[in-house]
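See below for the structure under consideration.
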Amino acid sequence: QVQLVESGGGLVQPGGSLRLSCAASRFTLDYNAIGWFRQAPGKEREGVSFMQGRGGTTYYADSVRGRFTISRGNAKNTVYLQMNSLQPGDTDVYYCAATLRYYTSTHNYFSRGAYDYWGQGTQVTVSS
């Protein structure tokens, strides 16, 4: 059974940085995309960033582009989200997600419904 385990969340002051990690295991096939979503209570889960499994092309939501960077380890089974210049509006539970599905239109990977595997989430709080 595929498992995704996030870590690295916490409390940070505005303007600060955090790095989230996602350890993926038990994939028998290469994932087509792996990414990060976030969700605040009472709000929709929002796609933040994802990386294509083949080639490693990265994509970002407008709200985080230039501040967040997605990357992965050499073994492809660990994915990171480096978050800089954090603001109170970035306060959410952050989820790692992966999918074996292939979409010709990459914007589909920002949709929650595109993903089959999810981590348990890690809380990020930005507050002074």
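Residues in the structure tokens are named by chain (A, B, ... in the order shown) and by number from 1 within that chain; ligands are numbered from 1 in the order shown.
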
request  = Extract, using only C-alpha atoms, all DNA, RNA and protein residues at most 10 Å from range 95-111 of chain A, discarding same-chain residues fewer than 5 positions from it, and format them as a VMD selection string.
outcome  = chain A and resid 2 to 7 20 to 24 27 29 to 39 45 to 53 59 to 61 79 to 81 116 to 123

task = Name the residues of chain A that come out as strand (DSSP E) in a backbone DSSP run; write them as a VMD selection string.
result = chain A and resid 3 to 7 10 to 12 18 to 25 33 to 39 46 to 52 58 to 60 68 to 72 78 to 83 92 to 99 117 to 118 122 to 126

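Interatomic distance, CA of Lys43 in chain A against CA of Thr125 in chain A: 16.0 Å.
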
query = So which bits of chain A end up helix (DSSP H, G or I) when you DSSP the backbone, as a PyMOL selection string?
reply = chain A and resi 88-90+106-110+112-114

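Across the model, the gap from CA of Val126 in chain A to CA of Gly56 in chain A is 28.9 Å.
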